[in-house]
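Asks: Structure file work_27.csv (CSV, C-alpha atoms and all ligand atoms) is given on the next line.
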```csv
chain,number,residue,atom,x,y,z
A,21,MET,CA,0.0,0.0,0.0
A,22,LYS,CA,1.1,3.6,-0.6
A,23,ILE,CA,0.7,6.7,1.5
A,24,GLY,CA,0.9,10.3,0.3
A,25,ILE,CA,2.3,12.8,2.8
A,26,LEU,CA,2.0,16.5,2.6
A,27,GLY,CA,5.3,17.8,3.8
A,28,GLY,CA,8.7,16.1,3.4
A,29,GLY,CA,10.5,16.9,6.6
A,30,GLN,CA,11.8,14.6,9.3
A,31,LEU,CA,8.3,13.6,10.4
A,32,ALA,CA,7.6,12.3,6.9
A,33,ARG,CA,11.0,10.7,6.8
A,34,MET,CA,10.3,8.8,10.0
A,35,LEU,CA,6.8,7.8,8.8
A,36,ALA,CA,8.4,6.4,5.6
A,37,LEU,CA,11.0,4.5,7.6
A,38,ALA,CA,8.4,3.1,9.9
A,39,GLY,CA,6.5,1.9,6.8
A,40,TYR,CA,9.3,-0.1,5.2
A,41,PRO,CA,9.1,-3.2,7.4
A,42,LEU,CA,5.3,-3.4,6.7
A,43,GLY,CA,5.9,-3.1,3.0
A,44,LEU,CA,4.4,0.3,2.9
A,45,GLN,CA,5.7,3.0,0.6
A,46,CYS,CA,5.4,6.8,0.9
A,47,VAL,CA,5.3,9.6,-1.6
A,48,VAL,CA,5.9,13.1,-0.2
A,49,LEU,CA,4.9,16.5,-1.6
A,50,ASP,CA,7.1,19.3,-0.6
A,51,PRO,CA,8.2,22.6,-2.2
A,52,SER,CA,11.9,21.9,-1.4
A,53,ALA,CA,14.1,19.8,-3.7
A,54,ASP,CA,16.2,18.7,-0.7
A,55,ALA,CA,13.3,17.7,1.5
A,56,CYS,CA,14.9,15.2,3.9
A,57,ALA,CA,12.1,12.6,3.5
A,58,ALA,CA,12.9,12.4,-0.2
A,59,GLN,CA,16.0,10.2,0.6
A,60,VAL,CA,13.6,7.4,1.8
A,61,ALA,CA,10.4,8.2,-0.2
A,62,ASP,CA,9.4,9.5,-3.7
A,63,LEU,CA,9.2,13.2,-3.9
A,64,ILE,CA,6.8,15.4,-5.8
A,65,GLN,CA,8.4,18.9,-5.6
A,66,ALA,CA,5.6,21.4,-5.7
A,67,ASP,CA,3.8,24.1,-3.6
A,68,TYR,CA,1.1,23.0,-1.3
A,69,ASN,CA,-1.5,24.8,-3.3
A,70,ASP,CA,-0.5,23.3,-6.7
A,71,GLN,CA,-3.7,21.5,-7.6
A,72,ALA,CA,-2.1,19.4,-10.4
A,73,ALA,CA,0.6,18.2,-8.0
A,74,LEU,CA,-2.0,17.4,-5.3
A,75,HIS,CA,-3.9,15.4,-7.9
A,76,GLU,CA,-0.7,13.6,-9.0
A,77,LEU,CA,0.0,12.7,-5.4
A,78,ALA,CA,-3.4,11.5,-4.5
A,79,GLU,CA,-3.9,9.4,-7.7
A,80,GLN,CA,-1.0,7.1,-6.9
A,81,VAL,CA,-1.6,6.5,-3.2
A,82,ASP,CA,-4.3,4.7,-1.0
A,83,VAL,CA,-4.6,7.5,1.5
A,84,VAL,CA,-3.3,11.1,2.1
A,85,THR,CA,-1.9,12.4,5.4
A,86,PHE,CA,0.2,15.4,6.5
A,87,GLU,CA,3.2,16.1,8.6
A,88,PHE,CA,3.1,19.9,8.1
A,89,GLU,CA,0.4,22.0,9.8
A,90,ASN,CA,0.2,25.0,7.6
A,91,ILE,CA,-1.4,23.3,4.6
A,92,PRO,CA,-3.7,25.8,2.9
A,93,ALA,CA,-7.4,25.0,3.6
A,94,GLN,CA,-8.4,25.0,-0.1
A,95,SER,CA,-5.7,22.3,-0.8
A,96,LEU,CA,-7.1,20.0,1.9
A,97,ASN,CA,-10.7,20.7,0.7
A,98,TYR,CA,-9.7,19.8,-2.8
A,99,LEU,CA,-8.2,16.5,-1.7
A,100,LEU,CA,-11.1,15.7,0.6
A,101,GLU,CA,-13.6,16.0,-2.2
A,102,ASN,CA,-12.0,13.3,-4.1
A,103,TYR,CA,-9.7,11.2,-1.9
A,104,PRO,CA,-9.4,9.7,1.6
A,105,VAL,CA,-7.5,12.1,3.9
A,106,TYR,CA,-6.6,11.3,7.5
A,107,PRO,CA,-6.5,12.8,10.1
A,108,PRO,CA,-9.8,14.7,9.2
A,109,PRO,CA,-9.1,18.2,7.9
A,110,ILE,CA,-11.3,19.7,10.7
A,111,ALA,CA,-8.5,18.7,13.1
A,112,LEU,CA,-6.0,20.6,11.1
A,113,HIS,CA,-8.3,23.6,10.7
A,114,THR,CA,-8.7,23.6,14.5
A,115,ALA,CA,-5.0,23.4,15.2
A,116,GLN,CA,-4.2,26.1,12.7
A,117,ASP,CA,-5.9,28.7,14.8
A,118,ARG,CA,-5.1,29.0,18.6
A,119,LEU,CA,-8.5,30.5,19.2
A,120,ASN,CA,-10.4,27.6,17.6
A,121,GLU,CA,-8.2,25.3,19.6
A,122,LYS,CA,-8.8,27.0,22.9
A,123,ASN,CA,-12.5,27.2,22.2
A,124,LEU,CA,-12.6,23.5,21.5
A,125,PHE,CA,-10.9,22.8,24.8
A,126,ARG,CA,-13.4,25.0,26.7
A,127,GLN,CA,-16.4,23.4,24.9
A,128,LEU,CA,-15.1,20.0,26.0
A,129,GLN,CA,-14.5,21.3,29.6
A,130,ILE,CA,-10.8,20.8,29.4
A,131,PRO,CA,-9.1,23.4,31.6
A,132,VAL,CA,-7.0,26.1,29.8
A,133,PRO,CA,-5.1,29.2,30.8
A,134,GLU,CA,-7.4,32.3,30.8
A,135,PHE,CA,-7.4,33.7,27.2
A,136,VAL,CA,-8.9,36.5,25.2
A,137,ALA,CA,-8.9,37.0,21.4
A,138,ILE,CA,-7.3,40.3,20.3
A,139,ASP,CA,-7.9,42.1,17.0
A,140,ARG,CA,-7.4,45.8,18.1
A,141,PHE,CA,-4.9,47.5,20.4
A,142,GLU,CA,-7.7,48.8,22.7
A,143,GLN,CA,-8.8,45.3,23.5
A,144,LEU,CA,-5.4,44.5,25.0
A,145,GLN,CA,-6.0,46.8,28.0
A,146,GLN,CA,-9.3,45.2,28.7
A,147,ALA,CA,-7.9,41.7,28.2
A,148,ILE,CA,-5.3,41.9,30.9
A,149,VAL,CA,-8.0,42.5,33.4
A,150,ARG,CA,-9.0,38.9,32.7
A,151,THR,CA,-5.6,37.3,32.1
A,152,GLY,CA,-3.6,39.3,34.6
A,153,LEU,CA,0.1,39.9,34.1
A,154,PRO,CA,2.4,38.3,33.1
A,155,ALA,CA,0.6,37.2,30.0
A,156,VAL,CA,1.7,35.9,26.7
A,157,LEU,CA,0.5,37.6,23.4
A,158,LYS,CA,0.5,35.1,20.5
A,159,THR,CA,-0.4,35.2,16.8
A,160,ARG,CA,-3.4,32.9,16.3
A,161,SER,CA,-1.9,31.2,13.4
A,162,MET,CA,1.5,30.2,11.8
A,163,GLY,CA,3.3,30.3,15.1
A,164,TYR,CA,5.6,27.4,16.0
A,165,ASP,CA,8.6,26.7,18.3
A,166,GLY,CA,7.9,29.8,20.3
A,167,LYS,CA,7.8,32.1,17.2
A,168,GLY,CA,5.1,34.8,17.0
A,169,GLN,CA,4.8,35.2,20.7
A,170,ILE,CA,5.8,37.8,23.3
A,171,VAL,CA,5.6,37.7,27.1
A,172,LEU,CA,4.1,40.8,28.7
A,173,ARG,CA,5.2,41.5,32.2
A,174,HIS,CA,4.3,45.2,32.5
A,175,GLN,CA,1.5,47.4,31.1
A,176,ASN,CA,4.1,49.7,29.4
A,177,GLU,CA,5.3,46.8,27.2
A,178,MET,CA,2.0,46.6,25.4
A,179,THR,CA,2.7,49.2,22.7
A,180,GLN,CA,6.0,47.6,21.7
A,181,ALA,CA,4.4,44.1,21.6
A,182,TRP,CA,1.5,45.4,19.5
A,183,ARG,CA,4.0,47.0,17.1
A,184,GLN,CA,5.7,43.6,16.6
A,185,LEU,CA,2.6,41.4,16.4
A,186,GLY,CA,-0.4,43.7,15.8
A,187,GLY,CA,-2.3,43.7,12.5
A,188,ARG,CA,-2.8,39.9,12.6
A,189,PRO,CA,-5.4,38.1,14.7
A,190,LEU,CA,-3.9,37.6,18.1
A,191,ILE,CA,-4.7,35.8,21.4
A,192,ILE,CA,-3.5,36.7,24.8
A,193,GLU,CA,-3.2,34.1,27.6
A,194,SER,CA,-2.2,34.1,31.2
A,195,LEU,CA,1.4,33.1,31.6
A,196,VAL,CA,1.1,29.9,33.6
A,197,GLY,CA,3.6,29.1,36.3
A,198,PHE,CA,3.8,25.4,35.5
A,199,ASP,CA,5.7,22.7,37.3
A,200,ARG,CA,6.4,20.8,34.1
A,201,GLU,CA,5.2,20.6,30.5
A,202,VAL,CA,3.8,17.2,29.4
A,203,SER,CA,2.2,15.8,26.3
A,204,ILE,CA,0.0,12.9,25.7
A,205,ILE,CA,0.1,11.1,22.3
A,206,ALA,CA,-2.7,8.8,21.3
A,207,VAL,CA,-3.8,7.0,18.2
A,208,ARG,CA,-7.4,6.4,17.1
A,209,ASN,CA,-8.5,4.1,14.3
A,210,ARG,CA,-11.6,4.3,12.1
A,211,ALA,CA,-13.6,2.1,14.4
A,212,GLY,CA,-13.0,4.6,17.2
A,213,ASP,CA,-10.6,2.4,19.3
A,214,ILE,CA,-7.9,4.5,21.1
A,215,TYR,CA,-4.5,3.5,22.3
A,216,TYR,CA,-2.5,5.9,24.5
A,217,TYR,CA,1.2,6.3,24.9
A,218,PRO,CA,2.6,7.0,28.4
A,219,LEU,CA,3.0,10.8,29.1
A,220,SER,CA,6.0,12.5,27.9
A,221,GLU,CA,7.7,15.2,30.1
A,222,ASN,CA,9.1,18.0,27.8
A,223,THR,CA,11.8,20.5,28.5
A,224,HIS,CA,12.1,23.5,26.1
A,225,TYR,CA,15.0,25.8,25.5
A,226,ARG,CA,14.2,29.2,23.8
A,227,GLY,CA,10.8,28.0,22.8
A,228,ILE,CA,12.1,24.8,21.1
A,229,LEU,CA,11.8,21.3,22.5
A,230,HIS,CA,15.2,20.4,23.9
A,231,TYR,CA,14.5,16.9,25.4
A,232,ALA,CA,11.5,14.7,26.3
A,233,GLN,CA,11.3,11.8,28.7
A,234,SER,CA,8.8,9.0,28.8
A,235,CYS,CA,6.8,8.8,32.1
A,236,PRO,CA,5.4,5.3,32.4
A,237,ASP,CA,2.9,5.2,35.3
A,238,ASP,CA,2.6,9.0,35.7
A,239,HIS,CA,0.0,10.0,38.3
A,240,LEU,CA,-1.6,12.3,35.7
A,241,GLN,CA,-1.8,9.7,32.9
A,242,ALA,CA,-5.5,8.9,33.4
A,243,ARG,CA,-6.5,12.6,33.4
A,244,ALA,CA,-4.5,13.3,30.3
A,245,GLN,CA,-6.1,10.3,28.6
A,246,ASP,CA,-9.6,11.6,29.5
A,247,TYR,CA,-8.8,14.9,27.9
A,248,ILE,CA,-7.3,13.6,24.7
A,249,LYS,CA,-10.2,11.0,24.3
A,250,CYS,CA,-12.7,13.9,24.4
A,251,ILE,CA,-10.8,15.6,21.6
A,252,LEU,CA,-10.3,12.5,19.5
A,253,ASP,CA,-14.0,11.5,19.7
A,254,GLU,CA,-15.2,15.0,19.1
A,255,LEU,CA,-13.2,15.3,15.9
A,256,ASN,CA,-13.9,11.7,14.8
A,257,TYR,CA,-10.2,11.6,14.5
A,258,VAL,CA,-8.1,8.9,12.7
A,259,GLY,CA,-4.4,8.8,13.2
A,260,VAL,CA,-1.9,10.1,15.8
A,261,LEU,CA,-2.8,13.2,17.8
A,262,ALA,CA,-0.6,15.0,20.4
A,263,LEU,CA,-2.0,17.2,23.2
A,264,GLU,CA,0.4,19.5,25.0
A,265,LEU,CA,-0.4,20.3,28.6
A,266,PHE,CA,0.9,22.3,31.5
A,267,ASP,CA,1.1,20.6,34.9
A,268,VAL,CA,0.2,23.2,37.5
A,269,ASN,CA,0.1,21.8,41.0
A,270,GLY,CA,-1.3,18.5,39.7
A,271,GLU,CA,-3.9,20.2,37.5
A,272,LEU,CA,-3.5,19.8,33.8
A,273,LEU,CA,-4.2,22.9,31.5
A,274,ALA,CA,-4.3,22.4,27.8
A,275,ASN,CA,-1.9,24.4,25.6
A,276,GLU,CA,-2.3,23.1,22.1
A,277,ILE,CA,-2.9,20.1,19.9
A,278,ALA,CA,-0.8,18.8,17.0
A,279,PRO,CA,-2.9,16.7,14.5
A,280,ARG,CA,0.1,14.6,13.5
A,281,VAL,CA,3.1,12.6,14.8
A,282,HIS,CA,4.9,14.8,17.3
A,283,ASN,CA,8.4,15.6,18.4
A,284,SER,CA,7.7,14.7,22.0
A,285,GLY,CA,6.9,11.1,20.8
A,286,HIS,CA,10.1,10.4,19.0
A,287,TRP,CA,11.3,8.2,21.9
A,288,THR,CA,8.5,5.8,21.0
A,289,ILE,CA,10.7,4.5,18.1
A,290,GLU,CA,12.9,2.6,20.5
A,291,GLY,CA,11.0,3.2,23.8
A,292,ALA,CA,7.5,1.7,23.0
A,293,GLU,CA,6.3,-1.6,21.6
A,294,VAL,CA,5.1,0.1,18.4
A,295,SER,CA,6.1,3.6,17.6
A,296,GLN,CA,3.9,6.6,17.0
A,297,PHE,CA,5.0,6.6,13.3
A,298,GLU,CA,4.0,3.0,12.7
A,299,ASN,CA,0.7,3.4,14.6
A,300,HIS,CA,-0.2,6.5,12.6
A,301,LEU,CA,0.3,4.5,9.4
A,302,ARG,CA,-1.7,1.6,10.8
A,303,ALA,CA,-4.6,3.8,11.8
A,304,ILE,CA,-4.9,5.7,8.5
A,305,LEU,CA,-4.7,2.5,6.5
A,306,ASP,CA,-7.3,0.8,8.8
A,307,LEU,CA,-4.8,-1.9,9.9
A,308,PRO,CA,-4.9,-3.2,13.5
A,309,LEU,CA,-3.3,-0.8,16.0
A,310,GLY,CA,0.0,-1.8,17.8
A,311,ASP,CA,0.8,-1.9,21.5
A,312,THR,CA,1.7,1.6,22.8
A,313,GLN,CA,3.2,0.4,26.1
A,314,ALA,CA,6.7,1.7,27.1
A,315,VAL,CA,9.7,-0.6,26.9
A,316,GLY,CA,11.8,0.5,29.8
A,317,PHE,CA,12.4,4.3,30.4
A,318,SER,CA,13.4,6.5,27.5
A,319,ALA,CA,14.5,10.1,26.8
A,320,MET,CA,15.0,11.9,23.5
A,321,VAL,CA,17.4,14.8,22.9
A,322,ASN,CA,16.9,17.1,19.9
A,323,PHE,CA,19.9,18.3,17.9
A,324,ILE,CA,19.1,21.8,17.0
A,325,GLY,CA,21.3,23.8,14.5
A,326,THR,CA,24.3,21.5,14.6
A,327,MET,CA,24.9,17.8,14.6
A,328,PRO,CA,27.1,16.3,17.3
A,329,GLU,CA,29.9,13.9,16.5
A,330,THR,CA,28.3,10.5,15.6
A,331,ALA,CA,30.9,8.4,17.4
A,332,ILE,CA,30.6,10.5,20.5
A,333,VAL,CA,26.8,10.3,20.7
A,334,LEU,CA,27.0,6.5,20.2
A,335,GLY,CA,29.5,6.3,23.0
A,336,ASP,CA,26.8,4.8,25.3
A,337,ALA,CA,25.6,1.5,24.0
A,338,ASN,CA,22.0,2.3,25.0
A,339,VAL,CA,21.8,5.4,22.6
A,340,HIS,CA,20.1,5.4,19.2
A,341,LEU,CA,20.9,8.1,16.8
A,342,HIS,CA,18.7,9.7,14.1
A,343,ASP,CA,20.4,12.0,11.7
A,344,TYR,CA,17.8,13.6,9.4
A,345,SER,CA,20.5,14.5,6.8
A,346,LYS,CA,19.4,18.1,6.9
A,347,ALA,CA,21.7,21.1,6.3
A,348,PRO,CA,22.7,22.6,9.6
A,349,ARG,CA,21.0,26.0,10.3
A,350,PRO,CA,20.5,27.9,13.5
A,351,GLY,CA,17.2,26.9,15.2
A,352,ARG,CA,16.6,24.0,12.8
A,353,LYS,CA,15.9,20.5,14.1
A,354,ILE,CA,18.4,18.3,12.3
A,355,GLY,CA,18.5,15.1,14.3
A,356,HIS,CA,17.8,13.5,17.7
A,357,ALA,CA,19.0,10.6,19.9
A,358,THR,CA,17.1,8.4,22.2
A,359,VAL,CA,18.5,6.7,25.3
A,360,ARG,CA,16.8,3.8,27.0
A,361,SER,CA,17.3,2.4,30.5
A,362,GLU,CA,15.9,-0.2,32.8
A,363,THR,CA,15.1,2.3,35.7
A,364,GLN,CA,14.2,5.9,36.0
A,365,MET,CA,17.3,6.5,38.0
A,366,GLU,CA,19.6,5.0,35.3
A,367,LEU,CA,17.8,7.1,32.7
A,368,SER,CA,18.4,10.4,34.5
A,369,ASP,CA,22.2,9.7,34.5
A,370,ALA,CA,22.1,8.4,30.9
A,371,LEU,CA,20.2,11.5,29.8
A,372,LYS,CA,22.7,13.9,31.5
A,373,ASN,CA,25.6,12.1,29.8
A,374,LEU,CA,23.8,12.2,26.5
A,375,ILE,CA,23.2,16.0,26.8
A,376,THR,CA,26.8,16.5,27.6
A,377,ARG,CA,28.1,14.5,24.7
A,378,ALA,CA,25.6,16.1,22.3
A,379,SER,CA,27.0,19.5,23.0
A,380,ILE,CA,30.3,18.3,21.4
A,381,VAL,CA,29.6,19.4,17.9
A,382,LYS,CA,31.1,18.3,14.6
A,383,GLN,CA,33.9,20.6,13.4
A,401,LIG,P1,3.4,27.2,22.1
A,401,LIG,O1,3.8,27.7,20.7
A,401,LIG,O2,2.0,27.7,22.5
A,401,LIG,O3,3.5,25.8,22.3
A,401,LIG,O4,4.4,27.9,23.1
A,401,LIG,C1,5.8,27.5,23.1
A,401,LIG,C2,6.2,27.4,24.6
A,401,LIG,O5,6.0,28.7,25.3
A,401,LIG,C3,5.5,26.4,25.4
A,401,LIG,O6,6.0,25.1,25.3
A,401,LIG,C4,5.7,27.0,26.8
A,401,LIG,O7,7.0,26.6,27.3
A,401,LIG,C5,5.6,28.5,26.6
A,401,LIG,N1,4.2,28.9,26.8
A,401,LIG,C6,3.3,29.1,25.8
A,401,LIG,N2,2.1,29.5,26.3
A,401,LIG,C7,2.3,29.6,27.7
A,401,LIG,C8,1.5,30.0,28.7
A,401,LIG,N3,0.2,30.4,28.6
A,401,LIG,N4,2.0,30.0,30.0
A,401,LIG,C9,3.3,29.6,30.2
A,401,LIG,N5,4.1,29.2,29.2
A,401,LIG,C10,3.6,29.2,28.0
```
Once more with this new file: its structure as structure tokens, please.
Ligand code: AMP
Replies:
Amino acid sequence: MKIGILGGGQLARMLALAGYPLGLQCVVLDPSADACAAQVADLIQADYNDQAALHELAEQVDVVTFEFENIPAQSLNYLLENYPVYPPPIALHTAQDRLNEKNLFRQLQIPVPEFVAIDRFEQLQQAIVRTGLPAVLKTRSMGYDGKGQIVLRHQNEMTQAWRQLGGRPLIIESLVGFDREVSIIAVRNRAGDIYYYPLSENTHYRGILHYAQSCPDDHLQARAQDYIKCILDELNYVGVLALELFDVNGELLANEIAPRVHNSGHWTIEGAEVSQFENHLRAILDLPLGDTQAVGFSAMVNFIGTMPETAIVLGDANVHLHDYSKAPRPGRKIGHATVRSETQMELSDALKNLITRASIVKQ
């Protein structure tokens, strides 16, 4: 069977690699000639709104999916009229706008940080009465990895923030003093069965995920599962979905969803019975889902901007390296490594060692 993927970055690459053992082949559509998934999948090099290219992709595959969130709505609608597309485009539409996302959480009674939609400067003054300060002003769409957002700590910072972000639809949220950031990843098939991965605890640096650790048996697992189940069922979702949450004194507040395989789930390749990538393919192809249980304790470290020396990263026998073969560029995710251990204590040491070794970059 063949799968068409909109977007040819590392997520598509790892989907294609997960498909190989099952005899599945992927075709990716990406505007860039050097899309890193093209090394392991066929590439159609075209813009996301190129209807002829979308047609060419969809005609040669059994199902279309996406790894990139900013696909134009009209492209998805075009595909949907004629071909099977999973996850459902409504999920993408929701995730593309932070206001839609927050409204969905509220509708489903999933707690969220206080928020207000902002279209005009005068609304900001009013809004902070509700959100309080500090607060974070964000663009409603096209933001990722902490881009398009500014933390406001004092009233006199509003004019400057508006100058930077104003003119686009915005949202302001209370800045939450969280104990940790976690995500839950789940997969739902066409029959509505849902399998959940253990929570992942995520540490960011400058708005980008730095490392993520699996948390088997976390005390908030059941709550997170309840929340993501509500979302999956509401959207009649098929495929892998990630829900990012703030843990504030044991209460979970929803931050955002990603209607695709997610960076905080990369550890599932070696740290779960069946990875998020394989399970996404299984779900969208209507194949039986695979076991999501953790195998030991795992942590994943992202390589951002530069790749560390291969031999040094592999210096611990429990480490698995993933080099996406992308050109190094500041702020760009170009690889990751996962370390797996038998106990949480061993994992903490192994993770510290890995982070130290990963900081030794190729010359
Ligand atoms: P986002 O693009 O919304 O995922 O935000 C990127 C990162 O900014 C998050 O992973 C958090 O570390 C931080 N952040 C975003 N929104 C908030 C918030 N309301 N309160 C506290 N931290 C936040």
Asks: Dump as a tab-separated table the rows for residues of chain A within 7 Å of ligand LIG 401 (chain A): closest atom pair and distance in Å with one decimal, all atoms listed in the file counted, ordered by chain and rising residue number.
Replies:
```
residue	atom	partner	partner_atom	distance
A:Pro133	CA	A:LIG401	N3	5.9
A:Ala155	CA	A:LIG401	N3	7.0
A:Val156	CA	A:LIG401	N3	6.0
A:Gly163	CA	A:LIG401	O1	6.2
A:Tyr164	CA	A:LIG401	O1	5.0
A:Asp165	CA	A:LIG401	O1	5.5
A:Gly166	CA	A:LIG401	C1	4.2
A:Lys167	CA	A:LIG401	O1	6.9
A:Glu193	CA	A:LIG401	N3	5.1
A:Ser194	CA	A:LIG401	N3	5.1
A:Leu195	CA	A:LIG401	N4	3.5
A:Val196	CA	A:LIG401	N4	3.7
A:Gly197	CA	A:LIG401	C9	6.1
A:Phe198	CA	A:LIG401	C9	6.8
A:Glu201	CA	A:LIG401	O6	6.9
A:His224	CA	A:LIG401	O7	6.1
A:Gly227	CA	A:LIG401	C2	5.0
A:Asn275	CA	A:LIG401	O2	6.0
A:Glu276	CA	A:LIG401	O2	6.3
```
Asks: Separation of CA of Ala61 in chain A and CA of Ala36 in chain A, in Å?
Replies: 6.4 Å
Asks: Any chance you could tabulate, as a Markdown table, the residues of range 59-98 of chain A at most 12 Å from range 102-112 of chain A with each one's nearest atom pair and distance in Å to one decimal, using only C-alpha atoms, in chain and rising number order?
Replies:
```
| residue | atom | partner | partner_atom | distance |
| --- | --- | --- | --- | --- |
| A:Leu74 | CA | A:Tyr103 | CA | 10.5 |
| A:His75 | CA | A:Asn102 | CA | 9.2 |
| A:Glu76 | CA | A:Tyr103 | CA | 11.7 |
| A:Leu77 | CA | A:Tyr103 | CA | 10.4 |
| A:Ala78 | CA | A:Tyr103 | CA | 6.8 |
| A:Glu79 | CA | A:Tyr103 | CA | 8.4 |
| A:Gln80 | CA | A:Tyr103 | CA | 10.8 |
| A:Val81 | CA | A:Tyr103 | CA | 9.5 |
| A:Asp82 | CA | A:Pro104 | CA | 7.6 |
| A:Val83 | CA | A:Pro104 | CA | 5.3 |
| A:Val84 | CA | A:Val105 | CA | 4.7 |
| A:Thr85 | CA | A:Tyr106 | CA | 5.3 |
| A:Phe86 | CA | A:Tyr106 | CA | 8.0 |
| A:Glu87 | CA | A:Pro107 | CA | 10.4 |
| A:Phe88 | CA | A:Leu112 | CA | 9.6 |
| A:Glu89 | CA | A:Leu112 | CA | 6.7 |
| A:Asn90 | CA | A:Leu112 | CA | 8.4 |
| A:Ile91 | CA | A:Leu112 | CA | 8.4 |
| A:Pro92 | CA | A:Leu112 | CA | 10.0 |
| A:Ala93 | CA | A:Pro109 | CA | 8.2 |
| A:Gln94 | CA | A:Pro109 | CA | 10.5 |
| A:Ser95 | CA | A:Pro109 | CA | 10.2 |
| A:Leu96 | CA | A:Pro109 | CA | 6.6 |
| A:Asn97 | CA | A:Pro109 | CA | 7.8 |
| A:Tyr98 | CA | A:Asn102 | CA | 7.0 |
```
Asks: For a cut-off of 12 Å around (8.0, 3.2, 21.6), file coordinates, pick out all residues using all atoms listed in the file and list them as JSON, numbers by chain.
Replies: {"A": [38, 205, 216, 217, 218, 219, 220, 233, 234, 235, 236, 284, 285, 286, 287, 288, 289, 290, 291, 292, 293, 294, 295, 296, 297, 298, 299, 310, 311, 312, 313, 314, 315, 316, 317, 318, 319, 320, 358, 359, 360]}
Asks: The selected residues should be written to file as an mmCIF file, in the frame of the given file (atoms: C-alpha atoms).
Replies:
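part18.cif written:
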```cif
data_model
loop_
_atom_site.group_PDB
_atom_site.id
_atom_site.type_symbol
_atom_site.label_atom_id
_atom_site.label_comp_id
_atom_site.auth_asym_id
_atom_site.auth_seq_id
_atom_site.Cartn_x
_atom_site.Cartn_y
_atom_site.Cartn_z
ATOM 1 C CA ALA A 38 8.400 3.100 9.900
ATOM 2 C CA ILE A 205 0.100 11.100 22.300
ATOM 3 C CA TYR A 216 -2.500 5.900 24.500
ATOM 4 C CA TYR A 217 1.200 6.300 24.900
ATOM 5 C CA PRO A 218 2.600 7.000 28.400
ATOM 6 C CA LEU A 219 3.000 10.800 29.100
ATOM 7 C CA SER A 220 6.000 12.500 27.900
ATOM 8 C CA GLN A 233 11.300 11.800 28.700
ATOM 9 C CA SER A 234 8.800 9.000 28.800
ATOM 10 C CA CYS A 235 6.800 8.800 32.100
ATOM 11 C CA PRO A 236 5.400 5.300 32.400
ATOM 12 C CA SER A 284 7.700 14.700 22.000
ATOM 13 C CA GLY A 285 6.900 11.100 20.800
ATOM 14 C CA HIS A 286 10.100 10.400 19.000
ATOM 15 C CA TRP A 287 11.300 8.200 21.900
ATOM 16 C CA THR A 288 8.500 5.800 21.000
ATOM 17 C CA ILE A 289 10.700 4.500 18.100
ATOM 18 C CA GLU A 290 12.900 2.600 20.500
ATOM 19 C CA GLY A 291 11.000 3.200 23.800
ATOM 20 C CA ALA A 292 7.500 1.700 23.000
ATOM 21 C CA GLU A 293 6.300 -1.600 21.600
ATOM 22 C CA VAL A 294 5.100 0.100 18.400
ATOM 23 C CA SER A 295 6.100 3.600 17.600
ATOM 24 C CA GLN A 296 3.900 6.600 17.000
ATOM 25 C CA PHE A 297 5.000 6.600 13.300
ATOM 26 C CA GLU A 298 4.000 3.000 12.700
ATOM 27 C CA ASN A 299 0.700 3.400 14.600
ATOM 28 C CA GLY A 310 0.000 -1.800 17.800
ATOM 29 C CA ASP A 311 0.800 -1.900 21.500
ATOM 30 C CA THR A 312 1.700 1.600 22.800
ATOM 31 C CA GLN A 313 3.200 0.400 26.100
ATOM 32 C CA ALA A 314 6.700 1.700 27.100
ATOM 33 C CA VAL A 315 9.700 -0.600 26.900
ATOM 34 C CA GLY A 316 11.800 0.500 29.800
ATOM 35 C CA PHE A 317 12.400 4.300 30.400
ATOM 36 C CA SER A 318 13.400 6.500 27.500
ATOM 37 C CA ALA A 319 14.500 10.100 26.800
ATOM 38 C CA MET A 320 15.000 11.900 23.500
ATOM 39 C CA THR A 358 17.100 8.400 22.200
ATOM 40 C CA VAL A 359 18.500 6.700 25.300
ATOM 41 C CA ARG A 360 16.800 3.800 27.000
#
```
Asks: Identify, on the basis of all atoms listed in the file, every residue whose closest approach to Asp253 in chain A does not exceed 12 Å; exclude the query and any residue fewer than 4 positions from it along the same chain; express the result as a VMD selection string.
Replies: chain A and resid 108 111 128 206 to 214 245 to 249 257 to 259 261
Asks: Nearest residue to Ala55 in chain A out of A:Asp238, A:Asn269, A:Leu190, A:Ala347, using all atoms listed in the file?
Replies: A:Ala347
Asks: To one decimal place in Å, what is the distance between CA of Glu362 in chain A and CA of Leu301 in chain A?
Replies: 28.5 Å
Asks: In Å to one decimal, how far is CA of Tyr231 in chain A from CA of Thr326 in chain A?
Replies: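 Computing the Euclidean distance for CA of Thr326 in chain A and CA of Tyr231 in chain A yields 15.3 Å.
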Asks: Which residue out of A:Lys353, A:Lys346, A:Lys158, A:Arg126 has the minimum interatomic distance to Gln59 in chain A when all atoms listed in the file are used?
Replies: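 So, comparing all the options, the nearest one is A:Lys346.
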Asks: Between A:Val132, A:Ile170, A:Ala72, A:Leu35, which is the closest to Arg183 in chain A once you count all atoms listed in the file?
Replies: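 Using all atoms listed in the file, the shortest distance to Arg183 in chain A belongs to A:Ile170.
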Asks: Which one is closest to Gln175 in chain A: A:Gln30, A:Gly152, A:His342, A:Thr159? Count all atoms listed in the file.
Replies: A:Gly152
